[in-house]
Amino acid sequence: MSIVRCDLGVAAVVTNSTQVLLVKEATGRYSGHWGLPKGYVDDGELPRDAALRELKEECDVNGIVTGIYAIRENLTEIGPAVFIAYSVQLEPGEIPHPASEVAEAKFVCKSEFDNMTWVSEAMKSIATNAINQTPFSTTDYTKQRGYPYLLHQNLEADS
């Protein structure tokens, strides 16, 4: 088996009945642009843990991964790039506010999306669809396996 170098990014998608948690970038090439709390996976880190870390770093809140809303893949000059958008439920009493790297952090209604400057059209699409869809569910088999082992699947298909 060969090893493939991969750009692996993640986002935390936090919704309530009509809104999605978004952040406005404070620095870098996307300064002033809106998107989901996001970032890259560190070496030795599960992607879902990276999504929760990014949520904490950007919005100073803790959450629990409950599934996946979307996966984006593309090819770059270094090879494949994969971006996983995890469904996250905030822990009780958590209220997002801007932390490192972000100028704003707030829940936004879909009706406001067209008036915002987005990091990418894909990011806008994920945020839009998160309000209207049910994410894949996550089953954690870590205890049975003895190492991190997660299964994400559409459980509605079995009904």
# chains A, B, ... in the order shown; residues from 1 in each chain; ligands from 1
>>> residues_around(residues="Trp34 (chain A)", least_positions_apart="4", cutoff="12 Å", atoms="only C-alpha atoms", output="ChimeraX atom specification")
/A:20-27,30,38,102-108,112-124,127
>>> write_last_selection(atoms="C-alpha atoms", output="JSON list (two decimals), in the first residue's frame")
[["chain", "number", "residue", "atom", "x", "y", "z"],
["A", 20, "VAL", "CA", -26.22, 28.26, 11.32],
["A", 21, "LEU", "CA", -23.21, 29.38, 13.38],
["A", 22, "LEU", "CA", -20.88, 31.36, 11.12],
["A", 23, "VAL", "CA", -17.60, 33.15, 11.67],
["A", 24, "LYS", "CA", -16.14, 36.19, 9.94],
["A", 25, "GLU", "CA", -12.42, 35.81, 9.26],
["A", 26, "ALA", "CA", -10.26, 38.52, 10.87],
["A", 27, "THR", "CA", -6.95, 37.89, 9.10],
["A", 30, "TYR", "CA", -10.16, 35.57, 3.58],
["A", 38, "LYS", "CA", -12.98, 25.49, 10.22],
["A", 102, "VAL", "CA", -12.24, 35.55, 13.79],
["A", 103, "ALA", "CA", -13.79, 39.02, 13.96],
["A", 104, "GLU", "CA", -17.36, 37.81, 14.55],
["A", 105, "ALA", "CA", -19.13, 34.60, 15.51],
["A", 106, "LYS", "CA", -22.92, 34.46, 15.34],
["A", 107, "PHE", "CA", -25.94, 32.45, 14.32],
["A", 108, "VAL", "CA", -27.24, 33.58, 10.93],
["A", 112, "GLU", "CA", -29.10, 36.69, 5.17],
["A", 113, "PHE", "CA", -26.69, 34.45, 3.24],
["A", 114, "ASP", "CA", -26.93, 36.22, -0.12],
["A", 115, "ASN", "CA", -25.82, 39.52, 1.47],
["A", 116, "MET", "CA", -22.62, 38.04, 2.89],
["A", 117, "THR", "CA", -19.17, 37.64, 1.37],
["A", 118, "TRP", "CA", -18.32, 33.93, 1.69],
["A", 119, "VAL", "CA", -15.01, 32.09, 1.93],
["A", 120, "SER", "CA", -16.34, 29.91, -0.93],
["A", 121, "GLU", "CA", -19.55, 28.92, -2.69],
["A", 122, "ALA", "CA", -19.07, 25.40, -1.30],
["A", 123, "MET", "CA", -19.05, 26.81, 2.26],
["A", 124, "LYS", "CA", -22.26, 28.73, 1.55],
["A", 127, "ALA", "CA", -24.39, 26.16, 5.51]]
>>> residues_around(residues="Val14 (chain A)", least_positions_apart="5", cutoff="10 Å", atoms="only C-alpha atoms", output="ChimeraX atom specification")
/A:19-22,36-37,55,63-65,86-90,107,127,130-131
>>> residues_around(residues="Leu8 (chain A)", least_positions_apart="6", cutoff="7 Å", atoms="only C-alpha atoms", output="ChimeraX atom specification")
/A:40-41,81-83
>>> closest_residue(among="A:Thr15, A:Ser2, A:Gln153, A:Asn74", to="Ser137 (chain A)", atoms="only C-alpha atoms")
A:Gln153
>>> atom_distance(atom1="CA of Glu73 (chain A)", atom2="CA of Pro47 (chain A)")
14.5 Å
>>> residues_around(residues="Gly67 (chain A)", least_positions_apart="6", cutoff="12 Å", atoms="only C-alpha atoms", output="list of chain:residue names")
A:Ala11, A:Ala12, A:Val13, A:Val14, A:Arg48, A:Ala51, A:Ile84, A:Ala85, A:Tyr86, A:Ser87, A:Val88, A:Gln89, A:Ala130, A:Gln133, A:Thr134, A:Pro135, A:Phe136, A:Ser137, A:Thr138, A:Thr139, A:Asp140, A:Leu150, A:Leu151, A:His152, A:Gln153, A:Asn154, A:Leu155
>>> write_last_selection(atoms="N, CA, C and O atoms", output="mmCIF file, in the first residue's frame")
data_model
loop_
_atom_site.group_PDB
_atom_site.id
_atom_site.type_symbol
_atom_site.label_atom_id
_atom_site.label_comp_id
_atom_site.auth_asym_id
_atom_site.auth_seq_id
_atom_site.Cartn_x
_atom_site.Cartn_y
_atom_site.Cartn_z
ATOM 1 N N ALA A 11 -14.784 21.280 9.271
ATOM 2 C CA ALA A 11 -15.608 22.380 9.765
ATOM 3 C C ALA A 11 -16.575 21.828 10.796
ATOM 4 O O ALA A 11 -16.940 20.654 10.761
ATOM 5 N N ALA A 12 -16.985 22.709 11.702
ATOM 6 C CA ALA A 12 -18.026 22.393 12.675
ATOM 7 C C ALA A 12 -19.296 23.105 12.226
ATOM 8 O O ALA A 12 -19.314 24.327 12.104
ATOM 9 N N VAL A 13 -20.338 22.328 11.949
ATOM 10 C CA VAL A 13 -21.618 22.894 11.525
ATOM 11 C C VAL A 13 -22.575 22.830 12.711
ATOM 12 O O VAL A 13 -23.025 21.756 13.090
ATOM 13 N N VAL A 14 -22.843 23.990 13.297
ATOM 14 C CA VAL A 14 -23.731 24.091 14.451
ATOM 15 C C VAL A 14 -24.992 24.798 13.992
ATOM 16 O O VAL A 14 -24.925 25.916 13.470
ATOM 17 N N ARG A 48 -12.639 14.533 13.344
ATOM 18 C CA ARG A 48 -13.737 15.060 14.168
ATOM 19 C C ARG A 48 -13.212 15.820 15.373
ATOM 20 O O ARG A 48 -13.800 16.809 15.795
ATOM 21 N N ALA A 51 -12.284 19.277 14.223
ATOM 22 C CA ALA A 51 -13.458 20.146 14.072
ATOM 23 C C ALA A 51 -13.854 20.749 15.422
ATOM 24 O O ALA A 51 -14.167 21.948 15.512
ATOM 25 N N ILE A 84 -14.235 17.847 5.461
ATOM 26 C CA ILE A 84 -15.371 17.177 6.100
ATOM 27 C C ILE A 84 -16.089 18.177 6.989
ATOM 28 O O ILE A 84 -15.470 18.778 7.879
ATOM 29 N N ALA A 85 -17.389 18.360 6.765
ATOM 30 C CA ALA A 85 -18.208 19.268 7.564
ATOM 31 C C ALA A 85 -19.033 18.449 8.553
ATOM 32 O O ALA A 85 -19.988 17.766 8.175
ATOM 33 N N TYR A 86 -18.622 18.494 9.821
ATOM 34 C CA TYR A 86 -19.262 17.708 10.879
ATOM 35 C C TYR A 86 -20.441 18.448 11.497
ATOM 36 O O TYR A 86 -20.363 19.644 11.760
ATOM 37 N N SER A 87 -21.502 17.714 11.753
ATOM 38 C CA SER A 87 -22.624 18.227 12.537
ATOM 39 C C SER A 87 -22.202 18.238 13.999
ATOM 40 O O SER A 87 -21.733 17.220 14.523
ATOM 41 N N VAL A 88 -22.347 19.382 14.657
ATOM 42 C CA VAL A 88 -21.931 19.517 16.053
ATOM 43 C C VAL A 88 -23.057 20.127 16.870
ATOM 44 O O VAL A 88 -23.681 21.110 16.457
ATOM 45 N N GLN A 89 -23.294 19.536 18.017
ATOM 46 C CA GLN A 89 -24.265 20.077 18.970
ATOM 47 C C GLN A 89 -23.470 20.725 20.104
ATOM 48 O O GLN A 89 -22.566 20.113 20.665
ATOM 49 N N ALA A 130 -27.382 22.659 5.561
ATOM 50 C CA ALA A 130 -27.434 22.203 6.957
ATOM 51 C C ALA A 130 -28.762 22.566 7.622
ATOM 52 O O ALA A 130 -29.231 21.845 8.502
ATOM 53 N N GLN A 133 -31.418 19.767 5.964
ATOM 54 C CA GLN A 133 -31.192 18.326 5.864
ATOM 55 C C GLN A 133 -30.837 17.713 7.211
ATOM 56 O O GLN A 133 -30.458 18.401 8.138
ATOM 57 N N THR A 134 -30.926 16.404 7.273
ATOM 58 C CA THR A 134 -30.498 15.644 8.445
ATOM 59 C C THR A 134 -29.107 15.101 8.147
ATOM 60 O O THR A 134 -28.885 14.510 7.089
ATOM 61 N N PRO A 135 -28.160 15.296 9.057
ATOM 62 C CA PRO A 135 -26.803 14.797 8.790
ATOM 63 C C PRO A 135 -26.730 13.284 8.901
ATOM 64 O O PRO A 135 -27.603 12.650 9.510
ATOM 65 N N PHE A 136 -25.682 12.699 8.295
ATOM 66 C CA PHE A 136 -25.381 11.291 8.547
ATOM 67 C C PHE A 136 -25.144 11.150 10.046
ATOM 68 O O PHE A 136 -24.574 12.027 10.673
ATOM 69 N N SER A 137 -25.552 10.023 10.604
ATOM 70 C CA SER A 137 -25.330 9.754 12.022
ATOM 71 C C SER A 137 -23.952 9.150 12.242
ATOM 72 O O SER A 137 -23.380 8.543 11.337
ATOM 73 N N THR A 138 -23.441 9.306 13.453
ATOM 74 C CA THR A 138 -22.140 8.758 13.810
ATOM 75 C C THR A 138 -22.304 7.699 14.887
ATOM 76 O O THR A 138 -22.978 7.919 15.884
ATOM 77 N N THR A 139 -21.693 6.537 14.651
ATOM 78 C CA THR A 139 -21.638 5.487 15.657
ATOM 79 C C THR A 139 -20.177 5.306 16.033
ATOM 80 O O THR A 139 -19.313 5.158 15.164
ATOM 81 N N ASP A 140 -19.900 5.327 17.333
ATOM 82 C CA ASP A 140 -18.534 5.232 17.827
ATOM 83 C C ASP A 140 -18.258 3.803 18.295
ATOM 84 O O ASP A 140 -18.831 3.336 19.278
ATOM 85 N N LEU A 150 -14.789 5.208 13.949
ATOM 86 C CA LEU A 150 -16.090 5.869 13.826
ATOM 87 C C LEU A 150 -16.742 5.504 12.501
ATOM 88 O O LEU A 150 -16.072 5.456 11.472
ATOM 89 N N LEU A 151 -18.038 5.300 12.534
ATOM 90 C CA LEU A 151 -18.806 5.017 11.326
ATOM 91 C C LEU A 151 -19.851 6.108 11.152
ATOM 92 O O LEU A 151 -20.627 6.393 12.053
ATOM 93 N N HIS A 152 -19.844 6.736 9.967
ATOM 94 C CA HIS A 152 -20.808 7.777 9.624
ATOM 95 C C HIS A 152 -21.680 7.220 8.510
ATOM 96 O O HIS A 152 -21.178 6.820 7.465
ATOM 97 N N GLN A 153 -23.003 7.215 8.739
ATOM 98 C CA GLN A 153 -23.889 6.648 7.724
ATOM 99 C C GLN A 153 -25.273 7.255 7.814
ATOM 100 O O GLN A 153 -25.666 7.814 8.820
ATOM 101 N N ASN A 154 -26.006 7.088 6.732
ATOM 102 C CA ASN A 154 -27.378 7.549 6.662
ATOM 103 C C ASN A 154 -28.275 6.465 7.230
ATOM 104 O O ASN A 154 -28.538 5.461 6.558
ATOM 105 N N LEU A 155 -28.743 6.657 8.446
ATOM 106 C CA LEU A 155 -29.584 5.651 9.097
ATOM 107 C C LEU A 155 -31.026 5.694 8.596
ATOM 108 O O LEU A 155 -31.770 4.743 8.770
#
>>> closest_residue(among="A:Pro96, A:His33, A:Tyr149, A:Arg72", to="Leu46 (chain A)", atoms="only C-alpha atoms")
A:Tyr149
>>> atom_distance(atom1="CA of Asn129 (chain A)", atom2="CA of Glu54 (chain A)")
20.9 Å
>>> atom_distance(atom1="CA of Pro92 (chain A)", atom2="CA of Ser111 (chain A)")
26.6 Å
>>> select_by_dssp(residues="chain A", states="helix (DSSP H, G or I)", output="number ranges by chain")
A: 47-59, 110-115, 121-132, 142-145, 155-158
>>> select_by_dssp(residues="region 63-120 of chain A", states="strand (DSSP E)", output="PyMOL selection string")
chain A and resi 63-76+79-90+102-109
